[in-house]
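Take a look at the structure set out below.
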Amino acid sequence: MSVTMKVLVGMVLGILVGLVINLTGMNASGSWANAYLTEGLFSVVGQMFVNALKMLVVPLVFFSLVCGVCGIGDVKLLGRIGSKAFLLYLLTTAIAIASAIIIAAGFGIGEGMNASSEANFSGRESPPLTDVIVSIIPSNPINAMAQGDMLPVIFFSILFGVSILMVGKKAESVSDFVEKLNEVMMKMVTVVMAVAPYAVFCLIARAIANLGMELLGQLLGYVLVLIGVLMFHLFITLQVVLKLFSGLSPLTFVRKIRNAQVFAFSTSSSNATIPVTLRTVTERMGVRNSVASFTVPFGATINMDGTAIMQGVATVFIANIYNVDLGMGGYLTVILMSVLASIGTAGVPGVGLIMLSMVFAQVGLPIEGIGLILGVDRLLDMIRTAVNISGDAVVSVVVANSEGQVDKDVYNDPEAGAIGEVHIGQQPS
């Protein structure tokens, strides 16, 4: 049985067990079920998993970002094409999370729950946006890592990677070493996510036992709103960007990107989909390989529109669940954090949750709130990945077109580069 199926089974079983405990009154304060199950076994296993996620944040962001920057290969490529791609990726990500927050807030998902955190959480005021911007540059990067202050860590990681590129051959051994460490961190993510089905069961069972049927209704709202925003971004925002900046047909793009989307959906990994995305962009859409070979891997590293949307919707949902008013400053901080975090979000399954914990910590939301959405996240991750790679392809086409590097005859030919089927394998580690 795949991990995805195990997570879904764990979620369903957790809901059923939680409902039984809640509806039968077994979870009354002082009862054995409350002491040994909901606040005992379920709480311990759930918190251990949450701690494991938090444990991975700093090293994963650092190694992933440094490898991403080094993967560019030449500082000169950060010139015209690199700047265009970078700005477009940040623009689409900012639009994605802003629309996610606006739509989620408009629907009011999670309102009225008034849940409380077992960590005796009390909402704190978000720091002024100017302070957040100034604090991006760390006075002590090691201390920033130890404290889990992610904005300075992201800045230092990017600067470290650029410096490796500038040193050149002398730093190749450093680059190779960091890449190997990054692979180790990816494996650690795989190991932690392997226990996700059991953690999902415990986290969901405890939440349902404490909150009852009302949580299910709110969770359904979260899922529907998140899928709706993802579809809005895929079929409206990205296609408007494509048409506005290139003049090419969005309908043609949507038809030609489908194979890559299917592969992304099945693997939940932007990195695993790079070969298919690259082939689709070059052979199906006529983008020159000299551009696509840079923009597609670059996008898989820094362009996480779907993940940013999840972070926006989840932040509104959890803030409403715990009755925390983040205010305009808080949501602006979330937008800034998510745009910057997207640069360090590795293109592998499940990493979005780790980045979400970073955003929660920055604005003062309880980390354990992630447990409320963890059960449905693996399924939603598949949709998010399809949106992510679609954004990579849109920016690749737009940047290449601005440089005269798109063969429009190939782009407009519905049969160009077509193949009978895409063989979908198991997701790589």
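All residue names refer to the structure tokens as shown: chains lettered A, B, ... in order, residues numbered from 1 in each chain, ligands numbered from 1 in order.
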
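If you count only C-alpha atoms and ignore residues fewer than 6 places along the chain from Ala361 (chain A), what sits within 10 Å of it is Lys54, Gly148, Asp149, Met150, Met355 and Ile367 of chain A.
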
Put those residues in a file: C-alpha atoms, as a PDB file, in the first residue's frame.
ATOM      1  CA  LYS A  54      10.124  21.262  13.129  1.00  0.00           C
ATOM      2  CA  GLY A 148      14.641  28.952  13.990  1.00  0.00           C
ATOM      3  CA  ASP A 149      14.390  32.536  12.695  1.00  0.00           C
ATOM      4  CA  MET A 150      13.838  31.616   9.088  1.00  0.00           C
ATOM      5  CA  MET A 355       7.445  25.314   5.515  1.00  0.00           C
ATOM      6  CA  ILE A 367       2.348  24.571  15.344  1.00  0.00           C
TER       7      ILE A 367
END

Legend entry - Pick from A:Ser83, A:Thr333, A:Ser246, A:Asn303 nearest to Val398 (chain A), counting only C-alpha atoms: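 Ranked by minimum distance to Val398 (chain A), first place goes to A:Ser246.
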
Inset, instruction - Kindly indicate which residue among A:Leu41, A:Ile103, A:Met285, A:Ile389 lies nearest to Leu248 (chain A), using only C-alpha atoms for the distances. - result: A:Met285

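Closest approach to Val287 (chain A) from the set A:Val410, A:Val178, A:Val339, A:Cys67 is made by A:Val410, with distances taken over only C-alpha atoms.
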
Legend entry - region 268-342 of chain A: residues DSSP assigns to alpha helix (DSSP H), reported as a ChimeraX atom specification: /A:274-279,289-302,305-321,327-342

Inset, instruction - Using only C-alpha atoms, find the one residue out of A:Asp381, A:Asp413, A:Glu283, A:Asp305 that sits nearest to Leu353 (chain A). - result: A:Asp381

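Contact shell of region 208-210 of chain A at 6 Å (only C-alpha atoms; same-chain neighbours under 5 positions omitted): Gly18, Leu19, Ile21 and Asn22 of chain A.
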
Legend entry - Which residue of A:Ile321, A:Val20, A:Ala94, A:Met358 approaches Glu111 (chain A) most closely, using only C-alpha atoms: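 Ranked by minimum distance to Glu111 (chain A), first place goes to A:Ile321.
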
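Between CA of Met328 (chain A) and CA of Ala207 (chain A) there is a distance of 28.8 Å.
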